[in-house]
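Report on one structure; see the data block that follows.
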Amino acid sequence: MKETVLLLCALAFAAGCAKQDAGDTQANGENGYAVLTLEQAKKLYPATINARDFGAIPNDGKDDAKALRDALEAAKKQGSGVRIALEKGNYDLMTFDRGAAIPVIGAKAVMFDGNGATLVHHKMYTNFQVSDSSDITVANITFDANEVPFAGAVVTAVGDGYFDCKVIPPHKVKDGAHPKGIISFDQKNDSMGGDSKYRIDNYQLATKLKIKKLSEDTMRVPLEKYARMPKVGDVVLVRYEVYGPGVINSHAAKNLRVYNVTINSHPGMGIHGSDTENILIDNLKVQSKTKDLFMSATADATHFNYCRGRIDILNSTFEKMGDDATNVHQMYWMLSEKLDPQTIKVKWGKERQGGFPAEYLPKVGDTISFGTKDNWLRMETFSKVSKVDVNAKDKFAVISLETPLPDFVANGMPMGNYSSNPVLNIKNCKVRGNRARGFLIKVAEANVENCSFERTTLPAILMENDANYWYEGCRTENVTIKNCSFKDCNFWGAGGKEGIAILDAAAFTKGMPNQGAVNVSTTIENCTFSGCGQDPISIKQTQKPVLKNNTIK
């Protein structure tokens, strides 16, 4: 009975969130956060300091990172509401502090206004690391790399454990680089993935093998034994880096806003947020500087984990990334021991892959969730956290709860955090030519509207609960996808069939009860599908699918 009452309260709260107009400019939520235009956001920063006054001079070829760090410290001393203004031109980021060119730590209400500036990074670190800060805005800036971390090439010869290839200008050979990723590339369609008949998608992230320069435009690329060999004449993209730090990283922050930002090239993700409350992205462009370059960011354009409040992604373009346009999720913890009905011991779901991110544990006051007796991923059992004791040495936590859990909650069950479950709103965005998916949606409430997807190698929209490998979730409860177009999506055939543009899925560890559907409600209306086969929608893991006025060409 108690868990039923908690369920009804939680669902009522979620329904209330869903009623908010995710695209308006009014305050949403108790904290007064608002979805603001850039002009509205500028009013949060009435004071201005100039980066030039601290030595950040565009186009002089000198390090500008130290000057920008000094400008930030001056803004912090001046108090909240300060805009750091740059000038149009190139700024070089050559020095780094605490893993970032500009570590934004303990700051309140600071804006970086590039006014058309380009920040060029010279090492594999993040540009902006936002931590323990609030109301940080990054606007009117282009991010680029001093050298692209990949090369497009034509395979000229195949040997024992290697292939030779001729690099296509303006790409360049990088002697001694590690070939961490190799993927087929379709020059005709300017997109990743080749075709569905024969493709290369090798990941060898930990390889110690090195590329050998044979001439100014030819290199030998070694492959691990498990990798697939391309054929002579294939066009491939060789990534020297894949999962480096993002352009903008946000952790333990609140109210991050990004406007009019372009990411041309980066050895990692574009924008990555974790444990951040409220994120607004408006007019983000993740795209290569010229069509001749085969890639933009080498990993996800955006990725958000364990965030809260709401995430708005508006009026943005995502092209030729090495991974998804966005992935919004939390991570499952696993119940390792039920000490009593109100006390549980949990471990990190991805334990076998290393790490113990204690900062991602539920906080006191959060509502945690478990599945049902017959489906361990259908989160319908709730209780509020009253205490969290962390044992970092042995990598577990003991969580005390306000109300008892039912008897069927047993060892091995995935645990989600219903309080770390942002409302997701994506409007007027374009995704084209990238590897993997468009949008991965793993939150309760989501709205996708007026978006277009073209030549994503995998489904354009994927709603997946995974308690088997990635341990990402949780279930969706109210998703609306409307007025969107899908063209030539999922030609790699995820979900067992080419052309499935919208897919939901659930991955259970062997032996987990998995009866019935995991997700609750998905509405897909006024969408157009072309080149996606006759069955472009597969939402078998959704209890209440609603399909209205969709066109299949």
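Naming works like this for the structure tokens: A, B, ... for the chains as they're shown, residue 1 at the start of each chain, ligands 1 onward in shown order.
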Problem - Neighbour list for stretch 351-361 of chain A as number ranges by chain, cut-off 7 Å, only C-alpha atoms, skip fewer than 2 positions in-chain - result: A: 306, 348-349, 363, 395
Exercise for the section: Write out as a PyMOL selection string each polymer residue whose atoms come within 8 Å of stretch 472-487 of chain A, counting only C-alpha atoms; drop sequence neighbours fewer than 6 positions from it. Expected result: chain A and resi 18+329-332+377-379+416+441-455+460+463-466+501+518-532
Limited to N, CA and C atoms, could you put the picked residues into a file as a compact mmCIF listing (two decimals), in the first residue's frame?
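Saved result, selection15.txt, follows:
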# COMPACT_ATOMS: atom_id res chain seq x y z
N ALA A 18 5.14 17.50 -17.07
CA ALA A 18 4.83 17.36 -18.49
C ALA A 18 3.93 18.47 -18.99
N HIS A 329 20.41 10.36 -19.83
CA HIS A 329 20.14 9.14 -19.07
C HIS A 329 20.67 9.28 -17.66
N GLN A 330 20.40 8.27 -16.86
CA GLN A 330 21.10 8.07 -15.61
C GLN A 330 21.69 6.66 -15.65
N MET A 331 22.38 6.28 -14.61
CA MET A 331 23.01 4.96 -14.56
C MET A 331 22.36 4.13 -13.46
N TYR A 332 22.14 2.86 -13.74
CA TYR A 332 21.58 1.98 -12.72
C TYR A 332 22.63 1.61 -11.68
N LEU A 377 12.86 -3.89 -14.90
CA LEU A 377 13.15 -2.57 -15.49
C LEU A 377 11.91 -1.67 -15.57
N ARG A 378 10.75 -2.19 -15.21
CA ARG A 378 9.55 -1.38 -15.19
C ARG A 378 9.45 -0.71 -13.82
N MET A 379 10.05 0.48 -13.72
CA MET A 379 10.20 1.13 -12.43
C MET A 379 8.86 1.61 -11.87
N GLY A 416 17.03 2.76 -9.87
CA GLY A 416 17.11 4.05 -10.52
C GLY A 416 16.88 5.17 -9.51
N ILE A 441 16.86 8.70 -25.65
CA ILE A 441 15.96 9.27 -24.64
C ILE A 441 15.73 8.24 -23.55
N LYS A 442 16.22 8.54 -22.35
CA LYS A 442 16.09 7.61 -21.23
C LYS A 442 15.67 8.37 -19.98
N VAL A 443 14.67 9.22 -20.17
CA VAL A 443 14.09 10.00 -19.08
C VAL A 443 12.58 9.82 -19.14
N ALA A 444 11.89 10.16 -18.06
CA ALA A 444 10.45 9.94 -18.00
C ALA A 444 9.68 10.83 -18.97
N GLU A 445 10.02 12.12 -19.00
CA GLU A 445 9.27 13.09 -19.79
C GLU A 445 10.13 13.67 -20.91
N ALA A 446 9.64 13.57 -22.15
CA ALA A 446 10.42 14.11 -23.27
C ALA A 446 9.50 14.57 -24.38
N ASN A 447 9.94 15.64 -25.05
CA ASN A 447 9.24 16.19 -26.19
C ASN A 447 10.25 16.42 -27.31
N VAL A 448 10.01 15.84 -28.49
CA VAL A 448 10.85 16.04 -29.67
C VAL A 448 9.95 16.60 -30.76
N GLU A 449 10.27 17.79 -31.23
CA GLU A 449 9.34 18.48 -32.13
C GLU A 449 10.09 19.21 -33.24
N ASN A 450 9.57 19.09 -34.47
CA ASN A 450 10.12 19.80 -35.63
C ASN A 450 11.60 19.50 -35.84
N CYS A 451 11.98 18.26 -35.73
CA CYS A 451 13.37 17.85 -35.93
C CYS A 451 13.48 16.99 -37.19
N SER A 452 14.66 17.01 -37.81
CA SER A 452 14.89 16.19 -39.00
C SER A 452 16.12 15.30 -38.79
N PHE A 453 16.05 14.10 -39.37
CA PHE A 453 17.12 13.11 -39.23
C PHE A 453 17.41 12.53 -40.61
N GLU A 454 18.68 12.49 -40.96
CA GLU A 454 19.05 11.94 -42.27
C GLU A 454 20.35 11.15 -42.15
N ARG A 455 20.31 9.93 -42.63
CA ARG A 455 21.47 9.04 -42.70
C ARG A 455 22.18 8.90 -41.34
N ALA A 460 17.20 6.83 -35.50
CA ALA A 460 17.25 8.27 -35.25
C ALA A 460 16.88 8.58 -33.81
N MET A 463 14.89 4.70 -27.46
CA MET A 463 14.52 4.72 -26.04
C MET A 463 14.87 3.34 -25.49
N GLU A 464 15.98 3.28 -24.75
CA GLU A 464 16.51 1.97 -24.35
C GLU A 464 16.86 1.95 -22.86
N ASN A 465 16.40 0.90 -22.19
CA ASN A 465 16.80 0.64 -20.81
C ASN A 465 17.77 -0.52 -20.82
N ASP A 466 18.95 -0.32 -20.26
CA ASP A 466 20.01 -1.32 -20.39
C ASP A 466 20.55 -1.69 -19.02
N ALA A 501 13.44 3.73 -37.72
CA ALA A 501 13.90 5.07 -37.36
C ALA A 501 13.66 5.39 -35.89
N VAL A 518 8.28 -2.21 -20.74
CA VAL A 518 8.94 -1.39 -19.72
C VAL A 518 8.38 0.03 -19.69
N ASN A 519 8.29 0.66 -20.85
CA ASN A 519 7.91 2.07 -20.92
C ASN A 519 6.40 2.24 -20.86
N VAL A 520 5.96 3.48 -20.63
CA VAL A 520 4.53 3.72 -20.42
C VAL A 520 3.85 4.22 -21.69
N SER A 521 4.13 5.47 -22.09
CA SER A 521 3.37 6.08 -23.17
C SER A 521 4.28 6.82 -24.14
N THR A 522 4.09 6.57 -25.43
CA THR A 522 4.80 7.30 -26.48
C THR A 522 3.81 7.69 -27.57
N THR A 523 3.81 8.97 -27.92
CA THR A 523 2.95 9.46 -29.00
C THR A 523 3.82 9.92 -30.15
N ILE A 524 3.56 9.39 -31.34
CA ILE A 524 4.29 9.77 -32.55
C ILE A 524 3.27 10.27 -33.56
N GLU A 525 3.35 11.55 -33.91
CA GLU A 525 2.31 12.10 -34.78
C GLU A 525 2.88 13.11 -35.79
N ASN A 526 2.25 13.12 -36.94
CA ASN A 526 2.58 14.08 -38.01
C ASN A 526 4.05 13.98 -38.43
N CYS A 527 4.59 12.77 -38.44
CA CYS A 527 5.98 12.55 -38.85
C CYS A 527 6.03 11.93 -40.24
N THR A 528 7.13 12.20 -40.94
CA THR A 528 7.32 11.69 -42.30
C THR A 528 8.56 10.81 -42.34
N PHE A 529 8.42 9.63 -42.98
CA PHE A 529 9.51 8.67 -43.08
C PHE A 529 9.76 8.37 -44.56
N SER A 530 10.99 8.53 -45.02
CA SER A 530 11.34 8.18 -46.39
C SER A 530 12.65 7.40 -46.39
N GLY A 531 12.71 6.36 -47.19
CA GLY A 531 13.90 5.53 -47.24
C GLY A 531 14.12 4.75 -45.96
N CYS A 532 13.06 4.56 -45.19
CA CYS A 532 13.17 3.84 -43.91
C CYS A 532 12.34 2.56 -43.91
Handout entry: Atomic separation - atom CA of A:Phe143 relative to atom CA of A:Ser288, Å
Key =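 A separation of 10.8 Å between them.
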Practice task
Write out as an MDAnalysis selection string which residues come within 8 Å of A:Glu380 when counting only C-alpha atoms, dropping same-chain ones fewer than 2 positions away.
Solution key: chainID A and resid 7 369:372 378 382
Exercise for the section: Find, counting only C-alpha atoms, the residue in A:Ala505, A:Ile84, A:Ala253, A:Val238 that gets nearest to A:Ser131. Expected result: A:Ala253
Exercise for the section: Could you pull out the residues in stretch 247-406 of chain A that DSSP calls strand (DSSP E) from the backbone, as a PyMOL selection string? Expected result: chain A and resi 248-251+254-263+271-274+277-286+302-305+308-314+317-319+326-331+333-340+343-348+367-370+381-391+396-401
Generate a file of the selected residues that holds C-alpha atoms, formatted as a short mmCIF file (atom, residue, chain, number, x, y, z; two decimals), in the first residue's frame.
data_model
loop_
_atom_site.label_atom_id
_atom_site.label_comp_id
_atom_site.auth_asym_id
_atom_site.auth_seq_id
_atom_site.Cartn_x
_atom_site.Cartn_y
_atom_site.Cartn_z
CA ILE A 248 32.34 22.08 -22.38
CA ASN A 249 32.07 19.82 -19.34
CA SER A 250 29.60 20.53 -16.57
CA HIS A 251 29.54 18.75 -13.23
CA LYS A 254 23.19 24.61 -11.97
CA ASN A 255 21.68 26.62 -14.81
CA LEU A 256 24.16 26.17 -17.68
CA ARG A 257 23.25 28.04 -20.86
CA VAL A 258 24.91 27.77 -24.29
CA TYR A 259 23.97 30.03 -27.20
CA ASN A 260 25.29 30.38 -30.75
CA VAL A 261 28.18 27.98 -30.31
CA THR A 262 29.87 26.07 -33.14
CA ILE A 263 32.09 23.04 -32.66
CA ILE A 271 29.02 19.24 -24.49
CA HIS A 272 28.95 16.82 -21.58
CA GLY A 273 26.91 17.37 -18.43
CA SER A 274 26.70 15.29 -15.27
CA GLU A 277 20.47 20.95 -12.81
CA ASN A 278 18.95 22.76 -15.80
CA ILE A 279 20.77 22.97 -19.14
CA LEU A 280 19.74 25.15 -22.07
CA ILE A 281 21.36 24.83 -25.51
CA ASP A 282 20.18 27.15 -28.26
CA ASN A 283 21.73 27.25 -31.75
CA LEU A 284 24.56 24.79 -31.22
CA LYS A 285 26.25 23.66 -34.44
CA VAL A 286 28.42 20.56 -34.32
CA THR A 302 26.06 16.23 -26.46
CA HIS A 303 25.71 13.78 -23.57
CA PHE A 304 23.97 14.22 -20.21
CA ASN A 305 24.15 11.86 -17.26
CA ARG A 308 18.11 17.18 -12.92
CA GLY A 309 15.48 19.81 -13.62
CA ARG A 310 15.19 20.20 -17.37
CA ILE A 311 17.31 20.00 -20.51
CA ASP A 312 16.35 22.09 -23.54
CA ILE A 313 18.09 21.64 -26.90
CA LEU A 314 16.77 24.13 -29.44
CA THR A 317 22.51 21.18 -35.99
CA PHE A 318 24.46 17.97 -35.47
CA GLU A 319 26.49 16.61 -38.38
CA THR A 326 22.49 13.49 -27.64
CA ASN A 327 22.16 10.85 -24.95
CA VAL A 328 20.20 11.75 -21.81
CA HIS A 329 20.14 9.14 -19.07
CA GLN A 330 21.10 8.07 -15.61
CA MET A 331 23.01 4.96 -14.56
CA TRP A 333 22.95 1.00 -9.36
CA MET A 334 22.48 -2.65 -8.44
CA LEU A 335 20.99 -3.97 -5.21
CA SER A 336 23.67 -6.27 -3.81
CA GLU A 337 22.09 -6.94 -0.43
CA LYS A 338 18.78 -6.14 1.22
CA LEU A 339 19.82 -5.67 4.84
CA ASP A 340 16.22 -5.08 5.95
CA THR A 343 18.09 -0.59 4.35
CA ILE A 344 19.85 -1.66 1.17
CA LYS A 345 23.42 -2.12 0.01
CA VAL A 346 24.11 -1.08 -3.59
CA LYS A 347 27.00 -1.32 -6.04
CA TRP A 348 27.74 0.47 -9.30
CA THR A 367 13.21 9.12 -4.50
CA ILE A 368 14.76 5.87 -5.66
CA SER A 369 12.92 3.35 -7.81
CA PHE A 370 12.86 -0.40 -8.41
CA THR A 381 8.31 0.83 -6.71
CA PHE A 382 9.41 4.02 -4.97
CA SER A 383 10.87 5.09 -1.64
CA LYS A 384 12.55 8.26 -0.37
CA VAL A 385 16.19 8.25 0.77
CA SER A 386 16.83 9.23 4.40
CA LYS A 387 20.56 8.43 4.68
CA VAL A 388 23.52 7.42 2.47
CA ASP A 389 26.68 5.84 3.87
CA VAL A 390 29.52 5.40 1.36
CA ASN A 391 32.30 2.82 1.58
CA PHE A 396 29.49 0.05 -2.09
CA ALA A 397 26.95 2.28 -0.34
CA VAL A 398 24.33 1.59 2.29
CA ILE A 399 21.10 3.50 1.69
CA SER A 400 18.43 3.99 4.34
CA LEU A 401 14.84 4.56 3.22
#
